[in-house]
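Engineer: For reference, the file model-v4.cif (mmCIF, C-alpha atoms) is included below:
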```
data_my_file
loop_
_atom_site.label_atom_id
_atom_site.label_comp_id
_atom_site.auth_asym_id
_atom_site.auth_seq_id
_atom_site.Cartn_x
_atom_site.Cartn_y
_atom_site.Cartn_z
CA MET A 1 2.39 3.58 48.73
CA LEU A 2 5.27 3.07 46.36
CA LYS A 3 4.30 1.07 43.28
CA ALA A 4 6.17 2.70 40.40
CA ILE A 5 9.53 4.39 39.81
CA ILE A 6 9.92 6.78 36.89
CA PHE A 7 13.50 7.58 35.88
CA GLY A 8 14.87 10.46 33.91
CA CYS A 9 17.70 9.35 31.63
CA ASP A 10 20.25 12.09 31.01
CA GLY A 11 21.84 13.06 34.29
CA VAL A 12 20.07 10.24 36.14
CA ILE A 13 21.03 7.00 34.42
CA VAL A 14 23.75 8.12 32.04
CA ASP A 15 26.38 10.83 32.46
CA SER A 16 25.39 12.43 29.17
CA GLU A 17 24.75 16.03 30.17
CA PRO A 18 28.34 17.06 29.27
CA HIS A 19 27.77 15.64 25.79
CA HIS A 20 24.42 17.42 25.44
CA PHE A 21 25.96 20.67 26.63
CA ASN A 22 28.96 20.44 24.31
CA ALA A 23 26.80 19.56 21.29
CA LEU A 24 24.30 22.33 22.03
CA GLN A 25 27.06 24.86 22.68
CA GLN A 26 28.77 24.01 19.39
CA VAL A 27 25.62 24.28 17.28
CA LEU A 28 24.68 27.59 18.90
CA ALA A 29 28.23 28.88 18.38
CA GLU A 30 27.92 28.05 14.69
CA GLU A 31 24.85 30.27 14.70
CA GLY A 32 26.67 33.11 16.46
CA MET A 33 25.16 32.46 19.90
CA ALA A 34 27.22 31.83 23.04
CA LEU A 35 26.17 29.39 25.75
CA THR A 36 27.90 29.14 29.12
CA LYS A 37 27.81 26.11 31.37
CA ALA A 38 26.13 28.19 34.08
CA ASP A 39 23.33 29.25 31.76
CA TYR A 40 22.90 25.68 30.54
CA VAL A 41 22.41 24.38 34.07
CA GLU A 42 20.14 27.26 35.06
CA TYR A 43 17.86 27.44 32.03
CA TYR A 44 18.30 24.47 29.69
CA LEU A 45 19.02 21.40 31.81
CA ALA A 46 15.49 19.99 31.98
CA MET A 47 14.56 20.81 28.39
CA ASP A 48 14.45 18.64 25.30
CA ASP A 49 16.32 19.79 22.17
CA LYS A 50 13.32 21.63 20.76
CA GLY A 51 12.85 23.57 23.97
CA CYS A 52 16.57 24.40 24.14
CA PHE A 53 16.70 25.85 20.65
CA GLU A 54 13.40 27.69 21.03
CA THR A 55 14.69 29.30 24.22
CA ALA A 56 18.05 30.20 22.71
CA LEU A 57 16.56 31.69 19.54
CA ALA A 58 13.93 33.63 21.47
CA SER A 59 16.58 35.08 23.81
CA GLN A 60 18.31 36.58 20.77
CA GLY A 61 15.16 37.69 18.99
CA ARG A 62 15.87 35.21 16.19
CA PRO A 63 13.09 33.81 13.95
CA ILE A 64 11.68 30.44 15.01
CA ASN A 65 9.93 27.97 12.72
CA ASN A 66 9.80 24.22 12.22
CA ALA A 67 12.39 24.19 9.44
CA ILE A 68 14.93 26.14 11.50
CA LEU A 69 14.34 23.97 14.57
CA LYS A 70 14.61 20.71 12.60
CA ASN A 71 17.94 21.78 11.10
CA LEU A 72 19.38 22.71 14.50
CA ILE A 73 18.09 19.57 16.21
CA LEU A 74 19.50 17.24 13.55
CA ARG A 75 22.90 18.91 13.76
CA LYS A 76 22.91 18.65 17.53
CA MET A 77 21.80 14.98 17.42
CA ALA A 78 24.68 14.11 15.08
CA LEU A 79 27.20 15.75 17.39
CA TYR A 80 25.72 14.01 20.43
CA ARG A 81 25.93 10.60 18.73
CA THR A 82 29.58 11.19 17.90
CA LEU A 83 30.41 12.17 21.48
CA SER A 84 28.42 9.24 22.92
CA ARG A 85 30.25 6.73 20.74
CA GLN A 86 33.52 8.06 22.12
CA GLU A 87 32.40 7.81 25.76
CA LEU A 88 29.20 6.65 27.41
CA VAL A 89 29.23 6.30 31.20
CA LEU A 90 26.43 5.18 33.50
CA PHE A 91 26.34 6.72 36.95
CA PRO A 92 27.43 4.62 39.96
CA GLY A 93 24.73 2.46 41.51
CA VAL A 94 22.28 2.72 38.60
CA VAL A 95 22.54 -0.84 37.29
CA GLU A 96 22.48 -2.35 40.77
CA PHE A 97 19.47 -0.24 41.81
CA VAL A 98 17.49 -1.12 38.68
CA LYS A 99 18.16 -4.84 39.09
CA GLN A 100 16.98 -4.68 42.72
CA ALA A 101 13.83 -2.76 41.78
CA GLN A 102 12.93 -4.86 38.74
CA GLY A 103 9.99 -7.10 39.51
CA ALA A 104 9.23 -5.40 42.82
CA TYR A 105 8.01 -2.14 41.28
CA GLN A 106 6.83 -0.92 37.91
CA LEU A 107 9.68 0.88 36.14
CA ALA A 108 9.52 3.52 33.41
CA ILE A 109 11.69 6.09 31.69
CA ALA A 110 10.41 9.65 31.18
CA SER A 111 13.09 11.59 29.34
CA GLY A 112 13.58 14.58 27.10
CA ALA A 113 16.08 12.58 25.06
CA PHE A 114 15.32 10.85 21.79
CA ARG A 115 14.27 7.20 21.96
CA GLY A 116 17.45 5.99 20.27
CA GLU A 117 19.60 7.85 22.80
CA ILE A 118 17.68 6.33 25.69
CA LYS A 119 17.94 2.80 24.31
CA LEU A 120 21.66 3.26 23.73
CA ALA A 121 22.15 4.15 27.39
CA LEU A 122 19.99 1.30 28.69
CA ASP A 123 21.64 -1.23 26.40
CA HIS A 124 25.05 -0.02 27.55
CA GLY A 125 24.08 -0.98 31.09
CA GLY A 126 22.26 -4.17 30.09
CA ILE A 127 19.05 -2.92 31.71
CA ARG A 128 16.70 -2.15 28.81
CA ALA A 129 14.47 -5.16 29.60
CA ALA A 130 13.75 -3.68 33.05
CA PHE A 131 11.85 -0.79 31.44
CA PRO A 132 8.65 -1.86 29.65
CA VAL A 133 7.73 1.82 29.30
CA ILE A 134 10.01 4.39 27.68
CA VAL A 135 8.69 7.91 27.12
CA SER A 136 10.97 10.04 24.95
CA THR A 137 10.75 13.53 23.52
CA GLN A 138 8.93 12.05 20.51
CA ASP A 139 6.05 10.96 22.74
CA VAL A 140 5.02 14.32 24.21
CA ARG A 141 3.91 17.72 22.99
CA GLN A 142 5.41 19.65 25.88
CA GLY A 143 8.76 18.46 27.17
CA LYS A 144 10.21 19.08 30.59
CA PRO A 145 9.93 21.23 32.65
CA TYR A 146 6.27 20.46 31.89
CA PRO A 147 5.04 17.25 33.59
CA GLU A 148 3.56 15.65 30.46
CA ALA A 149 6.33 13.03 30.20
CA PHE A 150 5.67 11.80 33.75
CA LEU A 151 1.91 11.59 33.20
CA THR A 152 2.44 9.82 29.87
CA ALA A 153 4.70 7.26 31.55
CA LEU A 154 2.03 6.68 34.21
CA ALA A 155 -0.66 6.22 31.56
CA LYS A 156 1.49 3.70 29.70
CA LEU A 157 2.22 1.76 32.89
CA ASN A 158 -1.52 1.48 33.41
CA GLN A 159 -1.84 -0.08 29.95
CA LEU A 160 0.60 -2.89 30.62
CA ARG A 161 -0.70 -6.45 30.82
CA PRO A 162 -1.92 -7.47 33.24
CA ILE A 163 -3.56 -4.09 33.79
CA PRO A 164 -2.87 -2.91 37.35
CA ASN A 165 -5.85 -3.27 39.66
CA PRO A 166 -6.37 -0.75 41.05
CA LEU A 167 -4.82 1.53 38.44
CA LEU A 168 -1.68 3.38 39.43
CA THR A 169 -2.10 7.00 40.47
CA PRO A 170 0.47 9.81 40.71
CA SER A 171 0.61 9.26 44.48
CA ASP A 172 1.95 5.73 43.83
CA CYS A 173 4.99 7.05 41.93
CA VAL A 174 8.41 8.38 42.72
CA VAL A 175 10.36 10.22 40.05
CA PHE A 176 14.17 10.31 39.84
CA GLU A 177 15.48 13.60 38.43
CA ASP A 178 18.63 15.71 38.35
CA SER A 179 17.06 19.09 37.53
CA PRO A 180 15.19 21.32 40.01
CA HIS A 181 12.72 22.28 37.28
CA ALA A 182 11.91 18.65 36.50
CA VAL A 183 11.60 17.88 40.21
CA GLU A 184 9.06 20.66 40.59
CA ALA A 185 7.15 19.40 37.56
CA ALA A 186 6.81 15.93 39.08
CA ARG A 187 5.69 17.35 42.40
CA THR A 188 3.00 19.53 40.78
CA VAL A 189 1.18 16.40 39.56
CA GLY A 190 1.33 14.66 42.92
CA MET A 191 4.36 12.42 42.46
CA LYS A 192 7.12 12.00 45.02
CA CYS A 193 10.57 12.96 43.79
CA LEU A 194 14.11 11.81 44.55
CA ALA A 195 16.65 14.38 43.42
CA ILE A 196 20.13 13.23 42.42
CA THR A 197 22.93 15.79 42.56
CA ASN A 198 24.62 14.65 39.36
CA SER A 199 23.95 17.96 37.61
CA SER A 200 22.91 20.46 40.29
CA PRO A 201 24.09 21.08 43.85
CA ARG A 202 22.11 19.80 46.81
CA THR A 203 21.05 23.35 47.70
CA ALA A 204 19.20 23.67 44.38
CA PHE A 205 16.65 21.13 45.60
CA ASN A 206 15.90 22.71 48.99
CA GLY A 207 12.16 22.66 49.55
CA LYS A 208 11.57 20.92 46.22
CA ALA A 209 12.52 17.23 46.43
CA ASP A 210 11.25 14.64 48.93
CA ARG A 211 14.78 13.27 49.26
CA VAL A 212 18.17 14.25 47.87
CA VAL A 213 21.06 11.86 47.23
CA ALA A 214 24.44 12.17 45.60
CA SER A 215 24.16 8.78 43.95
CA LEU A 216 21.78 5.84 43.58
CA ALA A 217 24.50 3.83 45.31
CA GLU A 218 23.28 5.55 48.51
CA VAL A 219 19.76 4.18 48.38
CA ALA A 220 17.97 0.84 47.95
CA PRO A 221 14.50 0.57 46.38
CA LYS A 222 12.91 -0.42 49.69
CA ASP A 223 14.30 2.73 51.31
CA LEU A 224 11.98 4.84 49.18
CA GLU A 225 8.89 3.43 50.87
CA ALA A 226 9.74 5.68 53.83
CA LEU A 227 8.70 8.65 51.68
CA TRP A 228 5.10 7.59 52.28
CA THR A 229 5.37 7.44 56.09
#
```
Please express the file's structure as structure tokens.

Structural biologist:
Amino acid sequence: MLKAIIFGCDGVIVDSEPHHFNALQQVLAEEGMALTKADYVEYYLAMDDKGCFETALASQGRPINNAILKNLILRKMALYRTLSRQELVLFPGVVEFVKQAQGAYQLAIASGAFRGEIKLALDHGGIRAAFPVIVSTQDVRQGKPYPEAFLTALAKLNQLRPIPNPLLTPSDCVVFEDSPHAVEAARTVGMKCLAITNSSPRTAFNGKADRVVASLAEVAPKDLEALWT
């Protein structure tokens, strides 16, 4: 049965994917590498910054080491912060959904974004207090499309006081994601998944998600319990 809801952040709560794409595209262009929007959606959407730059460098046969990655990530972070300060928009229905779910279910964030970026988005919507667990890219070794972030969020929910009795299991969770790769990752560990078509078309989730919606304004928390029937 439904006990916990695990949200992605970029593309789920906040309309930040255009900022991430533009910042990544600019940094790669400075390094002589082109990135199209189609390739970003197809290959990079679920990844954290480290994964994005590793993939881009590898595709060009470029050297990869920690110093190179750190330089690229810091440059991309600075660009993203600048763009976010200019415009930060939460998707329709997010704030209302979170406020309805708060107290009825355990809520967590599992995101490939940096912690500061996540907090900025939640504070913008006045909903940070609803999320006692925030898992960012700094909290995992393998970012999405690996499922480590979801499992880490679950583990942290099970450490909250009072400790859940019985402990939450993957089958008690539904994950909200906007990327087919992240949806598949959640499903591989036994979690239900609601796909939101903020970043990918509905057809991209065929056979992958348990339910697909265009917006959280379409669904109420209680509606998700039907996924278990």

Engineer: Of the candidates A:Val95, A:Leu74, A:Leu194, A:Leu57, which one gets nearest to Asp223 of chain A if we count only C-alpha atoms?

Structural biologist: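 The answer is A:Leu194, which sits nearest to Asp223 of chain A.
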
Engineer: The PyMOL selection byres ((chain A and resi 28) around 12) - which residues does that actually catch in the file I just gave you? List them as a PyMOL selection string.

Structural biologist: chain A and resi 21-27+29-36+40+49+52-57+60+62+69+71-73+75-76

Engineer: Do a neighbour search on segment 120-133 of chain A at 6 Å with only C-alpha atoms, toss out local chain neighbours closer than 6 positions, and write the hits as a ChimeraX atom specification.

Structural biologist: /A:102,107-108

Engineer: Running the PyMOL selection byres ((chain A and resi 155) around 12) on this model by hand, what would come out? Give it as a list of chain:residue names.

Structural biologist: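 That selection, the PyMOL selection byres ((chain A and resi 155) around 12), comes back as A:Ala4, A:Ile6, A:Ala108, A:Ala110, A:Val133, A:Ile134, A:Val135, A:Glu148, A:Ala149, A:Phe150, A:Leu151, A:Thr152, A:Ala153, A:Leu154, A:Lys156, A:Leu157, A:Asn158, A:Gln159, A:Leu160, A:Ile163, A:Pro164, A:Leu167, A:Leu168, A:Thr169, A:Pro170, A:Cys173.
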
Engineer: Any idea what the distance is between atom CA of Lys50 of chain A and atom CA of Phe114 of chain A?

Structural biologist: 11.0 Å

Engineer: Please provide as a PyMOL selection string all residues within 7 Å of Thr197 of chain A, with the sequence filter that same-chain residues fewer than 6 positions apart are discarded (counting only C-alpha atoms).

Structural biologist: chain A and resi 178+213-214

Engineer: Expressed in Å to a single decimal, how great is the separation between atom CA of Gly8 of chain A and atom CA of Thr82 of chain A?

Structural biologist: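 Rounded to one decimal, the two atoms are 21.8 Å apart.
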
Engineer: In Å to one decimal, how far is atom CA of Ala78 of chain A from atom CA of Ser215 of chain A?

Structural biologist: 29.4 Å

Engineer: Given the PyMOL selection byres ((chain A and resi 184) around 10) and the file above, list the residues it selects as a PyMOL selection string.

Structural biologist: chain A and resi 145-147+177+179-183+185-189+191-193+205+207-209

Engineer: Please define a box with edges along x, y and z of the file around all atoms of segment 181-195 of chain A given in the file, extend it by 6 Å on each side, and return its centre and edge lengths in Å to one decimal, as AutoDock Vina command-line options.

Structural biologist:
```
--center_x 8.9 --center_y 17.0 --center_z 40.8 --size_x 27.5 --size_y 22.5 --size_z 20.5
```

Engineer: What's around Glu17 of chain A at 9 Å? Count all atoms listed in the file, leave out sequence neighbours fewer than 6 positions away in its own chain, and write the answer as a ChimeraX atom specification.

Structural biologist: /A:10-11,45,199

Engineer: Kindly provide, as a list in words, the polymer residues lying within 12 Å of (12.4, -5.8, 42.9), counting all atoms listed in the file and using the coordinates exactly as they appear in the file.

Structural biologist: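 Checking each residue against the 12 Å limit leaves Leu2, Lys3, Ala4, Ile5, Glu96, Phe97, Val98, Lys99, Gln100, Ala101, Gln102, Gly103, Ala104, Tyr105, Gln106, Leu107, Ala130, Ala220, Pro221 and Lys222 of chain A.
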
Engineer: Could you check which of A:Met1, A:Val175, A:Leu79, A:Val94 is closest to Ala217 of chain A, using only C-alpha atoms?

Structural biologist: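 Answer, going by the shortest atom-to-atom distance: A:Val94.
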
Engineer: Name all residues at most 6 Å from Leu90 of chain A (count only C-alpha atoms; drop same-chain ones fewer than 5 positions away) and give them as a list in words.

Structural biologist: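 That gives Ile13, Val14 and Asp15 of chain A.
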